[in-house]
$ cat protein-v6.cif   # mmCIF, C-alpha atoms
data_protein
#
loop_
_atom_site.group_PDB
_atom_site.id
_atom_site.type_symbol
_atom_site.label_atom_id
_atom_site.label_comp_id
_atom_site.auth_asym_id
_atom_site.auth_seq_id
_atom_site.Cartn_x
_atom_site.Cartn_y
_atom_site.Cartn_z
ATOM 1 C CA MET A 1251 20.377 10.058 20.062
ATOM 2 C CA ASN A 1252 17.641 9.762 17.456
ATOM 3 C CA GLY A 1253 17.628 7.668 14.290
ATOM 4 C CA THR A 1254 15.475 6.431 11.405
ATOM 5 C CA VAL A 1255 14.750 2.758 10.796
ATOM 6 C CA ILE A 1256 15.944 1.561 7.392
ATOM 7 C CA ALA A 1257 15.069 -2.122 7.764
ATOM 8 C CA GLY A 1258 14.766 -4.825 10.373
ATOM 9 C CA THR A 1259 13.833 -8.396 11.168
ATOM 10 C CA ASN A 1260 13.092 -10.072 14.471
ATOM 11 C CA ASN A 1261 14.931 -8.029 17.125
ATOM 12 C CA LEU A 1262 17.603 -6.358 14.957
ATOM 13 C CA PHE A 1263 17.090 -3.066 13.121
ATOM 14 C CA THR A 1264 19.307 -1.053 10.810
ATOM 15 C CA VAL A 1265 19.088 2.556 12.019
ATOM 16 C CA GLU A 1266 20.489 5.708 10.411
ATOM 17 C CA CYS A 1267 21.500 7.835 13.392
ATOM 18 C CA GLU A 1268 21.725 11.603 13.650
ATOM 19 C CA ASP A 1269 25.527 11.420 14.012
ATOM 20 C CA GLU A 1270 25.568 9.987 10.433
ATOM 21 C CA VAL A 1271 26.525 6.495 11.628
ATOM 22 C CA THR A 1272 24.326 3.549 10.598
ATOM 23 C CA ARG A 1273 23.968 1.127 13.484
ATOM 24 C CA LEU A 1274 22.542 -2.356 13.971
ATOM 25 C CA CYS A 1275 20.266 -1.953 16.990
ATOM 26 C CA SER A 1276 18.432 -4.393 19.223
ATOM 27 C CA ILE A 1277 15.487 -3.578 21.481
ATOM 28 C CA LYS A 1278 16.670 -2.932 25.014
ATOM 29 C CA GLY A 1279 15.069 -5.506 27.259
ATOM 30 C CA LYS A 1280 13.386 -6.919 24.083
ATOM 31 C CA VAL A 1281 10.196 -5.053 25.025
ATOM 32 C CA ILE A 1282 8.605 -2.014 23.388
ATOM 33 C CA LYS A 1283 5.644 -0.660 25.306
ATOM 34 C CA SER A 1284 2.508 -0.569 23.156
ATOM 35 C CA ASP A 1285 -1.247 -0.605 23.654
ATOM 36 C CA LYS A 1286 -1.506 -3.556 21.227
ATOM 37 C CA GLU A 1287 0.557 -6.507 20.134
ATOM 38 C CA PHE A 1288 2.178 -6.353 16.695
ATOM 39 C CA TYR A 1289 3.722 -9.012 14.483
ATOM 40 C CA ASN A 1290 6.680 -6.617 14.357
ATOM 41 C CA PRO A 1291 6.912 -3.664 16.781
ATOM 42 C CA ILE A 1292 9.047 -1.428 14.509
ATOM 43 C CA ALA A 1293 8.827 -0.648 10.783
ATOM 44 C CA PRO A 1294 10.919 1.185 8.183
ATOM 45 C CA GLY A 1295 10.351 4.913 8.550
ATOM 46 C CA ASP A 1296 10.048 4.758 12.337
ATOM 47 C CA MET A 1297 11.977 7.357 14.311
ATOM 48 C CA LEU A 1298 13.710 5.875 17.350
ATOM 49 C CA GLU A 1299 15.589 6.994 20.405
ATOM 50 C CA ILE A 1300 18.667 4.807 20.605
ATOM 51 C CA GLU A 1301 21.654 4.345 22.873
ATOM 52 C CA ALA A 1302 24.997 3.792 21.134
ATOM 53 C CA ASP A 1303 27.094 0.821 22.221
ATOM 54 C CA PRO A 1304 30.208 2.281 23.911
ATOM 55 C CA MET A 1305 32.202 -0.810 22.884
ATOM 56 C CA ASN A 1306 31.133 -0.911 19.215
ATOM 57 C CA GLU A 1307 30.344 2.185 17.169
ATOM 58 C CA LYS A 1308 28.279 0.163 14.683
ATOM 59 C CA LYS A 1309 25.858 -1.184 17.296
ATOM 60 C CA GLY A 1310 23.222 0.240 19.628
ATOM 61 C CA GLN A 1311 20.030 -0.395 21.560
ATOM 62 C CA VAL A 1312 16.519 0.892 20.962
ATOM 63 C CA LEU A 1313 15.191 2.819 23.957
ATOM 64 C CA SER A 1314 11.843 4.000 22.577
ATOM 65 C CA ILE A 1315 9.799 4.743 19.467
ATOM 66 C CA MET A 1316 9.153 8.423 18.846
ATOM 67 C CA PRO A 1317 5.532 9.502 18.187
ATOM 68 C CA ARG A 1318 4.434 8.449 14.700
ATOM 69 C CA LYS A 1319 2.712 10.642 12.123
ATOM 70 C CA ASN A 1320 0.994 7.531 10.813
ATOM 71 C CA THR A 1321 1.499 3.822 10.170
ATOM 72 C CA PHE A 1322 0.419 1.543 7.363
ATOM 73 C CA LEU A 1323 -0.302 -2.023 8.346
ATOM 74 C CA ARG A 1324 -2.272 -5.130 7.535
ATOM 75 C CA TRP A 1325 -3.586 -8.100 9.505
ATOM 76 C CA ASN A 1326 -1.047 -10.928 9.365
ATOM 77 C CA VAL A 1327 -3.171 -14.059 9.119
ATOM 78 C CA LYS A 1328 -0.361 -16.461 9.971
ATOM 79 C CA GLY A 1329 0.819 -14.459 12.982
ATOM 80 C CA ARG A 1330 -2.756 -13.554 14.021
ATOM 81 C CA CYS A 1331 -1.841 -9.947 14.788
ATOM 82 C CA PRO A 1332 -1.299 -6.670 12.899
ATOM 83 C CA GLN A 1333 1.892 -6.300 10.854
ATOM 84 C CA LEU A 1334 3.458 -2.864 10.455
ATOM 85 C CA LEU A 1335 4.660 -2.206 6.895
ATOM 86 C CA ALA A 1336 5.819 1.428 7.062
ATOM 87 C CA SER A 1337 5.636 4.522 9.270
ATOM 88 C CA ASN A 1338 5.590 8.322 8.926
ATOM 89 C CA LEU A 1339 4.497 8.344 5.289
ATOM 90 C CA ASP A 1340 3.634 11.226 2.999
ATOM 91 C CA TYR A 1341 2.181 8.895 0.349
ATOM 92 C CA LEU A 1342 1.092 5.295 0.080
ATOM 93 C CA ILE A 1343 1.800 4.148 -3.479
ATOM 94 C CA LEU A 1344 -0.581 1.308 -4.377
ATOM 95 C CA VAL A 1345 1.035 -0.425 -7.331
ATOM 96 C CA THR A 1346 -1.124 -2.551 -9.609
ATOM 97 C CA THR A 1347 -0.947 -3.789 -13.203
ATOM 98 C CA PRO A 1348 -3.426 -4.344 -16.033
ATOM 99 C CA ASP A 1349 -1.847 -7.728 -16.728
ATOM 100 C CA GLU A 1350 1.043 -9.978 -15.658
ATOM 101 C CA PRO A 1351 -0.076 -10.340 -12.868
ATOM 102 C CA PRO A 1352 -3.795 -9.856 -13.540
ATOM 103 C CA PHE A 1353 -5.610 -6.675 -12.502
ATOM 104 C CA ARG A 1354 -7.205 -7.191 -9.062
ATOM 105 C CA PRO A 1355 -9.235 -4.106 -8.096
ATOM 106 C CA ARG A 1356 -10.483 -5.554 -4.813
ATOM 107 C CA PHE A 1357 -6.894 -5.739 -3.529
ATOM 108 C CA THR A 1358 -6.627 -2.003 -4.227
ATOM 109 C CA ASP A 1359 -10.014 -1.306 -2.617
ATOM 110 C CA ARG A 1360 -8.892 -3.074 0.567
ATOM 111 C CA ALA A 1361 -5.642 -1.098 0.675
ATOM 112 C CA LEU A 1362 -7.534 2.155 0.018
ATOM 113 C CA ALA A 1363 -9.857 1.425 2.948
ATOM 114 C CA GLN A 1364 -6.884 0.741 5.221
ATOM 115 C CA ALA A 1365 -5.193 3.958 4.064
ATOM 116 C CA GLU A 1366 -8.387 5.936 4.794
ATOM 117 C CA HIS A 1367 -8.522 4.313 8.235
ATOM 118 C CA GLN A 1368 -4.891 5.270 8.941
ATOM 119 C CA GLY A 1369 -5.220 8.798 7.521
ATOM 120 C CA ILE A 1370 -2.595 8.317 4.787
ATOM 121 C CA THR A 1371 -2.815 9.827 1.292
ATOM 122 C CA PRO A 1372 -2.924 6.971 -1.249
ATOM 123 C CA VAL A 1373 -1.828 7.156 -4.885
ATOM 124 C CA ILE A 1374 -2.828 4.401 -7.325
ATOM 125 C CA VAL A 1375 -0.101 3.551 -9.820
ATOM 126 C CA CYS A 1376 -0.953 1.204 -12.692
ATOM 127 C CA ASN A 1377 2.452 0.004 -13.857
ATOM 128 C CA LYS A 1378 3.046 -1.924 -17.106
ATOM 129 C CA TRP A 1379 0.554 0.311 -18.906
ATOM 130 C CA ASP A 1380 2.200 -0.750 -22.144
ATOM 131 C CA LEU A 1381 0.477 -4.126 -21.607
ATOM 132 C CA ALA A 1382 -2.900 -2.380 -21.337
ATOM 133 C CA GLU A 1383 -2.298 -0.645 -24.641
ATOM 134 C CA LYS A 1384 -1.286 -3.999 -26.171
ATOM 135 C CA MET A 1385 -4.647 -5.461 -25.109
ATOM 136 C CA GLN A 1386 -6.382 -3.188 -27.603
ATOM 137 C CA THR A 1387 -4.591 -4.830 -30.537
ATOM 138 C CA ASP A 1388 -4.648 -8.381 -29.152
ATOM 139 C CA GLY A 1389 -8.397 -8.889 -29.212
ATOM 140 C CA ARG A 1390 -8.824 -7.934 -25.540
ATOM 141 C CA LEU A 1391 -10.478 -4.564 -26.017
ATOM 142 C CA GLU A 1392 -13.328 -5.251 -23.573
ATOM 143 C CA GLU A 1393 -10.837 -6.276 -20.885
ATOM 144 C CA TYR A 1394 -8.830 -3.107 -21.464
ATOM 145 C CA GLU A 1395 -11.969 -0.945 -21.290
ATOM 146 C CA GLU A 1396 -13.012 -2.569 -18.005
ATOM 147 C CA ILE A 1397 -9.594 -1.886 -16.434
ATOM 148 C CA ASP A 1398 -9.588 1.720 -17.659
ATOM 149 C CA ARG A 1399 -13.130 2.183 -16.332
ATOM 150 C CA ARG A 1400 -12.123 0.940 -12.863
ATOM 151 C CA LEU A 1401 -9.182 3.346 -12.827
ATOM 152 C CA ASN A 1402 -11.562 6.158 -13.845
ATOM 153 C CA ILE A 1403 -13.881 5.283 -10.944
ATOM 154 C CA TRP A 1404 -11.032 5.832 -8.480
ATOM 155 C CA GLU A 1405 -10.064 9.061 -10.232
ATOM 156 C CA ASP A 1406 -13.657 10.320 -10.021
ATOM 157 C CA LEU A 1407 -13.548 9.699 -6.266
ATOM 158 C CA GLY A 1408 -10.603 12.089 -6.001
ATOM 159 C CA TYR A 1409 -7.766 9.562 -5.806
ATOM 160 C CA LYS A 1410 -4.669 10.309 -7.850
ATOM 161 C CA VAL A 1411 -4.200 7.605 -10.494
ATOM 162 C CA LEU A 1412 -1.105 7.292 -12.677
ATOM 163 C CA ARG A 1413 -0.859 5.059 -15.746
ATOM 164 C CA ILE A 1414 2.861 4.423 -16.161
ATOM 165 C CA SER A 1415 5.413 1.932 -17.437
ATOM 166 C CA ALA A 1416 8.845 1.217 -15.989
ATOM 167 C CA LYS A 1417 9.636 -0.565 -19.256
ATOM 168 C CA THR A 1418 8.785 2.215 -21.727
ATOM 169 C CA GLY A 1419 9.187 5.221 -19.416
ATOM 170 C CA GLU A 1420 5.592 6.376 -19.943
ATOM 171 C CA GLY A 1421 4.474 8.611 -17.070
ATOM 172 C CA MET A 1422 7.729 8.210 -15.126
ATOM 173 C CA THR A 1423 8.575 11.929 -15.131
ATOM 174 C CA GLN A 1424 5.231 12.768 -13.516
ATOM 175 C CA PHE A 1425 5.761 9.954 -11.017
ATOM 176 C CA ALA A 1426 9.206 11.278 -10.075
ATOM 177 C CA GLU A 1427 7.759 14.764 -9.527
ATOM 178 C CA LEU A 1428 5.192 13.317 -7.136
ATOM 179 C CA LEU A 1429 7.767 11.389 -5.109
ATOM 180 C CA GLU A 1430 10.401 14.127 -4.865
ATOM 181 C CA ASP A 1431 11.183 15.271 -1.302
ATOM 182 C CA HIS A 1432 8.635 12.858 0.179
ATOM 183 C CA LEU A 1433 8.632 9.520 1.996
ATOM 184 C CA SER A 1434 6.421 7.016 0.201
ATOM 185 C CA ALA A 1435 5.785 3.295 0.625
ATOM 186 C CA PHE A 1436 5.280 1.012 -2.364
ATOM 187 C CA VAL A 1437 2.626 -1.623 -1.650
ATOM 188 C CA GLY A 1438 1.262 -4.217 -4.047
ATOM 189 C CA GLN A 1439 1.100 -7.844 -5.021
ATOM 190 C CA SER A 1440 4.199 -9.763 -6.065
ATOM 191 C CA GLY A 1441 5.144 -9.154 -9.674
ATOM 192 C CA VAL A 1442 3.599 -5.702 -10.168
ATOM 193 C CA GLY A 1443 7.041 -4.155 -10.676
ATOM 194 C CA LYS A 1444 7.755 -2.187 -7.497
ATOM 195 C CA SER A 1445 11.487 -2.931 -7.671
ATOM 196 C CA SER A 1446 11.577 -2.194 -11.418
ATOM 197 C CA LEU A 1447 10.058 1.241 -10.797
ATOM 198 C CA ILE A 1448 12.723 2.002 -8.186
ATOM 199 C CA ASN A 1449 15.498 0.862 -10.518
ATOM 200 C CA VAL A 1450 14.256 3.278 -13.194
ATOM 201 C CA MET A 1451 13.948 6.122 -10.681
ATOM 202 C CA ASP A 1452 17.593 5.857 -9.621
ATOM 203 C CA ASN A 1453 20.264 4.484 -11.960
ATOM 204 C CA SER A 1454 22.402 3.448 -8.994
ATOM 205 C CA CYS A 1455 19.705 1.076 -7.678
ATOM 206 C CA VAL A 1456 19.999 -2.529 -8.805
ATOM 207 C CA LEU A 1457 17.173 -4.181 -6.890
ATOM 208 C CA LYS A 1458 16.491 -7.775 -7.851
ATOM 209 C CA THR A 1459 13.388 -8.240 -10.006
ATOM 210 C CA GLY A 1460 11.509 -11.481 -10.480
ATOM 211 C CA SER A 1461 9.550 -13.372 -13.105
ATOM 212 C CA LEU A 1462 5.937 -14.488 -12.885
ATOM 213 C CA SER A 1463 4.752 -17.967 -12.028
ATOM 214 C CA LYS A 1464 3.660 -19.462 -15.370
ATOM 215 C CA LYS A 1465 0.999 -21.577 -13.663
ATOM 216 C CA TYR A 1466 -0.715 -18.848 -11.655
ATOM 217 C CA GLY A 1467 0.378 -15.602 -13.328
ATOM 218 C CA ARG A 1468 1.599 -14.316 -9.965
ATOM 219 C CA GLY A 1469 4.899 -12.786 -9.021
ATOM 220 C CA ASN A 1470 7.579 -14.577 -7.058
ATOM 221 C CA HIS A 1471 8.786 -12.773 -3.941
ATOM 222 C CA THR A 1472 12.036 -10.902 -4.620
ATOM 223 C CA THR A 1473 11.777 -8.254 -1.873
ATOM 224 C CA THR A 1474 11.836 -10.218 1.379
ATOM 225 C CA LYS A 1475 11.656 -7.388 3.913
ATOM 226 C CA GLY A 1476 10.627 -3.749 3.933
ATOM 227 C CA THR A 1477 13.521 -1.377 3.313
ATOM 228 C CA LEU A 1478 13.788 2.421 3.233
ATOM 229 C CA ILE A 1479 15.785 3.493 0.165
ATOM 230 C CA HIS A 1480 17.180 6.978 -0.444
ATOM 231 C CA LEU A 1481 16.853 7.727 -4.152
ATOM 232 C CA THR A 1482 18.771 10.253 -6.209
ATOM 233 C CA LEU A 1483 16.300 10.709 -9.010
ATOM 234 C CA ASN A 1484 17.399 9.893 -12.543
ATOM 235 C CA GLU A 1485 18.238 13.173 -14.287
ATOM 236 C CA ALA A 1486 16.285 12.010 -17.321
ATOM 237 C CA LEU A 1487 13.182 12.309 -15.120
ATOM 238 C CA THR A 1488 14.058 15.712 -13.629
ATOM 239 C CA GLU A 1489 14.745 17.693 -16.830
ATOM 240 C CA GLY A 1490 18.464 17.338 -16.230
ATOM 241 C CA VAL A 1491 18.409 18.828 -12.710
ATOM 242 C CA HIS A 1492 21.005 17.157 -10.490
ATOM 243 C CA ASN A 1493 20.614 15.714 -7.011
ATOM 244 C CA ARG A 1494 16.821 15.587 -6.702
ATOM 245 C CA LYS A 1495 15.901 13.233 -3.837
ATOM 246 C CA ALA A 1496 13.056 10.934 -2.835
ATOM 247 C CA ASP A 1497 12.689 8.338 -0.081
ATOM 248 C CA ILE A 1498 10.937 5.045 -0.811
ATOM 249 C CA ILE A 1499 9.978 2.153 1.449
ATOM 250 C CA ASP A 1500 9.950 -0.946 -0.746
ATOM 251 C CA THR A 1501 7.662 -3.522 0.890
ATOM 252 C CA PRO A 1502 7.507 -7.258 0.126
ATOM 253 C CA GLY A 1503 4.849 -8.371 -2.335
ATOM 254 C CA ILE A 1504 1.523 -9.170 -0.683
ATOM 255 C CA ARG A 1505 -0.789 -11.845 -2.071
ATOM 256 C CA ARG A 1506 -3.615 -11.333 0.413
ATOM 257 C CA PHE A 1507 -4.223 -7.924 1.920
ATOM 258 C CA VAL A 1508 -6.343 -8.387 5.052
ATOM 259 C CA LEU A 1509 -7.744 -5.287 6.766
ATOM 260 C CA ASP A 1510 -6.720 -4.547 10.339
ATOM 261 C CA ASP A 1511 -8.903 -3.015 13.060
ATOM 262 C CA ILE A 1512 -11.900 -2.425 10.764
ATOM 263 C CA GLN A 1513 -15.148 -4.186 11.621
ATOM 264 C CA ALA A 1514 -17.465 -5.428 8.880
ATOM 265 C CA ASP A 1515 -20.156 -2.882 9.784
ATOM 266 C CA ASP A 1516 -17.597 -0.050 9.597
ATOM 267 C CA VAL A 1517 -16.098 -0.765 6.160
ATOM 268 C CA ALA A 1518 -18.526 1.722 4.563
ATOM 269 C CA LEU A 1519 -16.934 4.516 6.608
ATOM 270 C CA TYR A 1520 -13.661 3.969 4.721
ATOM 271 C CA PHE A 1521 -15.228 3.885 1.259
ATOM 272 C CA LYS A 1522 -15.201 7.656 0.834
ATOM 273 C CA GLU A 1523 -18.269 7.839 -1.427
ATOM 274 C CA PHE A 1524 -20.300 5.757 1.074
ATOM 275 C CA GLU A 1525 -19.613 7.956 4.101
ATOM 276 C CA PRO A 1526 -22.171 10.726 3.318
ATOM 277 C CA PHE A 1527 -24.964 8.127 3.286
ATOM 278 C CA VAL A 1528 -23.999 6.085 6.353
ATOM 279 C CA GLY A 1529 -26.619 6.394 9.103
ATOM 280 C CA LYS A 1530 -29.237 7.911 6.794
ATOM 281 C CA CYS A 1531 -31.053 4.644 6.042
ATOM 282 C CA ARG A 1532 -34.462 3.881 7.577
ATOM 283 C CA PHE A 1533 -32.744 1.540 10.038
ATOM 284 C CA GLY A 1534 -29.868 3.930 10.682
ATOM 285 C CA MET A 1535 -26.567 2.337 11.648
ATOM 286 C CA ASN A 1536 -28.268 -1.072 11.882
ATOM 287 C CA CYS A 1537 -28.829 -1.203 8.117
ATOM 288 C CA LYS A 1538 -26.819 -3.880 6.313
ATOM 289 C CA HIS A 1539 -27.289 -2.082 2.967
ATOM 290 C CA ASP A 1540 -28.518 -5.257 1.317
ATOM 291 C CA SER A 1541 -32.271 -5.876 1.085
ATOM 292 C CA GLU A 1542 -33.590 -3.443 3.706
ATOM 293 C CA PRO A 1543 -36.197 -0.893 2.571
ATOM 294 C CA ASP A 1544 -35.263 2.794 2.271
ATOM 295 C CA CYS A 1545 -31.531 2.114 2.316
ATOM 296 C CA ALA A 1546 -29.640 5.333 1.520
ATOM 297 C CA ILE A 1547 -26.609 3.490 0.172
ATOM 298 C CA LYS A 1548 -28.669 1.268 -2.150
ATOM 299 C CA ALA A 1549 -30.455 4.396 -3.353
ATOM 300 C CA ALA A 1550 -27.066 6.028 -3.999
ATOM 301 C CA VAL A 1551 -26.062 3.033 -6.126
ATOM 302 C CA GLU A 1552 -29.278 3.317 -8.124
ATOM 303 C CA SER A 1553 -28.762 7.059 -8.642
ATOM 304 C CA GLY A 1554 -25.145 6.619 -9.727
ATOM 305 C CA ALA A 1555 -23.603 8.364 -6.687
ATOM 306 C CA ILE A 1556 -21.953 5.034 -5.815
ATOM 307 C CA SER A 1557 -20.702 2.809 -8.619
ATOM 308 C CA PRO A 1558 -22.015 -0.789 -8.751
ATOM 309 C CA GLU A 1559 -18.407 -1.999 -8.865
ATOM 310 C CA ARG A 1560 -17.450 -0.280 -5.624
ATOM 311 C CA TYR A 1561 -20.696 -1.408 -3.987
ATOM 312 C CA ASP A 1562 -19.901 -5.004 -4.954
ATOM 313 C CA SER A 1563 -16.349 -4.607 -3.663
ATOM 314 C CA TRP A 1564 -17.616 -3.177 -0.347
ATOM 315 C CA LYS A 1565 -20.095 -6.037 -0.018
ATOM 316 C CA ARG A 1566 -17.471 -8.707 -0.665
ATOM 317 C CA ILE A 1567 -14.923 -7.159 1.706
ATOM 318 C CA SER A 1568 -17.511 -6.810 4.487
ATOM 319 C CA GLU A 1569 -18.483 -10.449 4.045
ATOM 320 C CA GLU A 1570 -14.837 -11.511 4.126
ATOM 321 C CA ILE A 1571 -14.412 -9.803 7.501
ATOM 322 C CA ARG A 1572 -17.587 -11.418 8.887
ATOM 323 C CA THR A 1573 -16.606 -14.907 7.765
ATOM 324 C CA GLY A 1574 -12.829 -14.612 8.147
ATOM 325 C CA SER A 1575 -12.452 -16.075 4.661
ATOM 326 C CA TRP A 1576 -10.186 -13.938 2.482
ATOM 327 C CA THR A 1577 -9.413 -14.290 -1.210
ATOM 328 C CA ASP A 1578 -6.566 -12.845 -3.292
#
$ encode --input "protein-v6.cif" --output "structure tokens"
Amino acid sequence: MNGTVIAGTNNLFTVECEDEVTRLCSIKGKVIKSDKEFYNPIAPGDMLEIEADPMNEKKGQVLSIMPRKNTFLRWNVKGRCPQLLASNLDYLILVTTPDEPPFRPRFTDRALAQAEHQGITPVIVCNKWDLAEKMQTDGRLEEYEEIDRRLNIWEDLGYKVLRISAKTGEGMTQFAELLEDHLSAFVGQSGVGKSSLINVMDNSCVLKTGSLSKKYGRGNHTTTKGTLIHLTLNEALTEGVHNRKADIIDTPGIRRFVLDDIQADDVALYFKEFEPFVGKCRFGMNCKHDSEPDCAIKAAVESGAISPERYDSWKRISEEIRTGSWTD
């Protein structure tokens, strides 16, 4: 029979099967055929063919992975191979914050590039927007304006950007409308409030939330493994309509998002505003877009077609891939 992966670690996966029984399944023979090695061969959202255990209704074995619509993954530095985070997504929800933890646009730019590479529709969600509004009265107006400007840059590129707050409820109705009847994965650094957003979406969810490290301003890991959660949306967010549904894959907080299967010279292909200019430089595909004459991308920066901030982000990410030295 077929089933959907809810969660899993090592060689054991929780699978919702088509006979409405949830089974704990192991990989038959402990081998899944693949054209590349993964840190984990199966992710939440995967559709599997499984064989039920005739001796135990709550157990089974994985026979194969059904063809995927897409996967979202990152390079796992410690394991030295790609790590699957979620499969068969409608949306990738990139959760960030203006503060607590600090706004880190390059993390989002990396995740956007990976989403473009995988062919997944990303949505940028800036949670804790109440903190951004507080900046304006706390003598941090320039910092607030810089954050808002970076969000506007992504919006101008055609990405959907939501400024919301799980704490105050700002923007949550619009967010619920987006998620309804879709499978979405929440991805972001520790402490950005992914679990808090889910708790607000569905009153029956009581996911553990964590505090920030006082020393570093970073979140402590509270979600330890990716899990697919079926939400019944809070009626306060659906104009009182009952039984509206959404499926969410809550992923563990990521401190360093390292791109997978993208070479340094190809990063520009996954910065959507760069793509029209790639190959049109004097030196064609050999151009490094740095100090070469007649560089189409540098000219696009000067004309305003590419923002200086995104150009700097592209440059830093490309250099990180070349050197293998990644920052937060």
$ residues_around --input "protein-v6.cif" --residues "Met1422 in chain A" --least-positions-apart "3" --cutoff "12 Å" --atoms "only C-alpha atoms" --output "VMD selection string"
chain A and resid 1375 to 1379 1412 to 1419 1425 to 1429 1446 to 1452 1483 to 1489
$ residues_around --input "protein-v6.cif" --residues "Ala1550 in chain A" --least-positions-apart "2" --cutoff "12 Å" --atoms "only C-alpha atoms" --output "compact mmCIF listing (two decimals) with C-alpha atoms, keeping the file's coordinate frame"
# COMPACT_ATOMS: atom_id res chain seq x y z
CA GLU A 1523 -18.27 7.84 -1.43
CA PHE A 1524 -20.30 5.76 1.07
CA GLU A 1525 -19.61 7.96 4.10
CA PRO A 1526 -22.17 10.73 3.32
CA PHE A 1527 -24.96 8.13 3.29
CA VAL A 1528 -24.00 6.08 6.35
CA LYS A 1530 -29.24 7.91 6.79
CA CYS A 1531 -31.05 4.64 6.04
CA HIS A 1539 -27.29 -2.08 2.97
CA ASP A 1544 -35.26 2.79 2.27
CA CYS A 1545 -31.53 2.11 2.32
CA ALA A 1546 -29.64 5.33 1.52
CA ILE A 1547 -26.61 3.49 0.17
CA LYS A 1548 -28.67 1.27 -2.15
CA GLU A 1552 -29.28 3.32 -8.12
CA SER A 1553 -28.76 7.06 -8.64
CA GLY A 1554 -25.14 6.62 -9.73
CA ALA A 1555 -23.60 8.36 -6.69
CA ILE A 1556 -21.95 5.03 -5.82
CA SER A 1557 -20.70 2.81 -8.62
CA PRO A 1558 -22.02 -0.79 -8.75
CA ARG A 1560 -17.45 -0.28 -5.62
CA TYR A 1561 -20.70 -1.41 -3.99
$ closest_residue --input "protein-v6.cif" --among "A:Glu1366, A:Asp1340, A:Asp1349, A:Asp1497" --to "Thr1254 in chain A" --atoms "all atoms listed in the file"
A:Asp1497
$ resolve_selection --input "protein-v6.cif" --expression "the PyMOL selection byres ((chain A and resi 1506) around 10)" --output "compact mmCIF listing (two decimals) with C-alpha atoms, keeping the file's coordinate frame"
# COMPACT_ATOMS: atom_id res chain seq x y z
CA ARG A 1324 -2.27 -5.13 7.54
CA TRP A 1325 -3.59 -8.10 9.51
CA ASN A 1326 -1.05 -10.93 9.36
CA VAL A 1327 -3.17 -14.06 9.12
CA PHE A 1357 -6.89 -5.74 -3.53
CA ARG A 1360 -8.89 -3.07 0.57
CA GLY A 1438 1.26 -4.22 -4.05
CA GLN A 1439 1.10 -7.84 -5.02
CA GLY A 1503 4.85 -8.37 -2.34
CA ILE A 1504 1.52 -9.17 -0.68
CA ARG A 1505 -0.79 -11.84 -2.07
CA PHE A 1507 -4.22 -7.92 1.92
CA VAL A 1508 -6.34 -8.39 5.05
CA LEU A 1509 -7.74 -5.29 6.77
CA TRP A 1576 -10.19 -13.94 2.48
CA THR A 1577 -9.41 -14.29 -1.21
CA ASP A 1578 -6.57 -12.84 -3.29
$ residues_around --input "protein-v6.cif" --residues "Thr1259 in chain A" --least-positions-apart "6" --cutoff "12 Å" --atoms "only C-alpha atoms" --output "list in words"
Leu1274, Cys1275, Ser1276, Ile1277, Tyr1289, Asn1290, Pro1291, Ile1292, Ala1293, Pro1294, Leu1334, Leu1335, Thr1474, Lys1475, Gly1476 and Thr1477 of chain A
$ residues_around --input "protein-v6.cif" --residues "Pro1348 in chain A" --least-positions-apart "6" --cutoff "10 Å" --atoms "all atoms listed in the file" --output "number ranges by chain"
A: 1354-1355, 1376-1383, 1385, 1393-1394, 1396-1398, 1413, 1442
$ write_last_selection --input "protein-v6.cif" --atoms "C-alpha atoms" --output "PDB file, keeping the file's coordinate frame"
ATOM      1  CA  ARG A1354      -7.205  -7.191  -9.062  1.00  0.00           C
ATOM      2  CA  PRO A1355      -9.235  -4.106  -8.096  1.00  0.00           C
ATOM      3  CA  CYS A1376      -0.953   1.204 -12.692  1.00  0.00           C
ATOM      4  CA  ASN A1377       2.452   0.004 -13.857  1.00  0.00           C
ATOM      5  CA  LYS A1378       3.046  -1.924 -17.106  1.00  0.00           C
ATOM      6  CA  TRP A1379       0.554   0.311 -18.906  1.00  0.00           C
ATOM      7  CA  ASP A1380       2.200  -0.750 -22.144  1.00  0.00           C
ATOM      8  CA  LEU A1381       0.477  -4.126 -21.607  1.00  0.00           C
ATOM      9  CA  ALA A1382      -2.900  -2.380 -21.337  1.00  0.00           C
ATOM     10  CA  GLU A1383      -2.298  -0.645 -24.641  1.00  0.00           C
ATOM     11  CA  MET A1385      -4.647  -5.461 -25.109  1.00  0.00           C
ATOM     12  CA  GLU A1393     -10.837  -6.276 -20.885  1.00  0.00           C
ATOM     13  CA  TYR A1394      -8.830  -3.107 -21.464  1.00  0.00           C
ATOM     14  CA  GLU A1396     -13.012  -2.569 -18.005  1.00  0.00           C
ATOM     15  CA  ILE A1397      -9.594  -1.886 -16.434  1.00  0.00           C
ATOM     16  CA  ASP A1398      -9.588   1.720 -17.659  1.00  0.00           C
ATOM     17  CA  ARG A1413      -0.859   5.059 -15.746  1.00  0.00           C
ATOM     18  CA  VAL A1442       3.599  -5.702 -10.168  1.00  0.00           C
TER      19      VAL A1442
END
$ closest_residue --input "protein-v6.cif" --among "A:Arg1399, A:Lys1522, A:Arg1566, A:Lys1384" --to "Asp1540 in chain A" --atoms "only C-alpha atoms"
A:Arg1566
$ atom_distance --input "protein-v6.cif" --atom1 "CA of Arg1356 in chain A" --atom2 "CA of Asp1562 in chain A"
9.4 Å
$ atom_distance --input "protein-v6.cif" --atom1 "CA of Thr1272 in chain A" --atom2 "CA of Pro1317 in chain A"
21.1 Å
$ residues_around --input "protein-v6.cif" --residues "Val1265 in chain A" --least-positions-apart "6" --cutoff "10 Å" --atoms "only C-alpha atoms" --output "ChimeraX atom specification"
/A:1252-1258,1271-1275,1294-1298,1300,1308-1310,1312
$ resolve_selection --input "protein-v6.cif" --expression "the PyMOL selection byres ((chain A and resi 1513) around 12)" --output "ChimeraX atom specification"
/A:1363-1364,1367,1508-1512,1514-1520,1567-1574
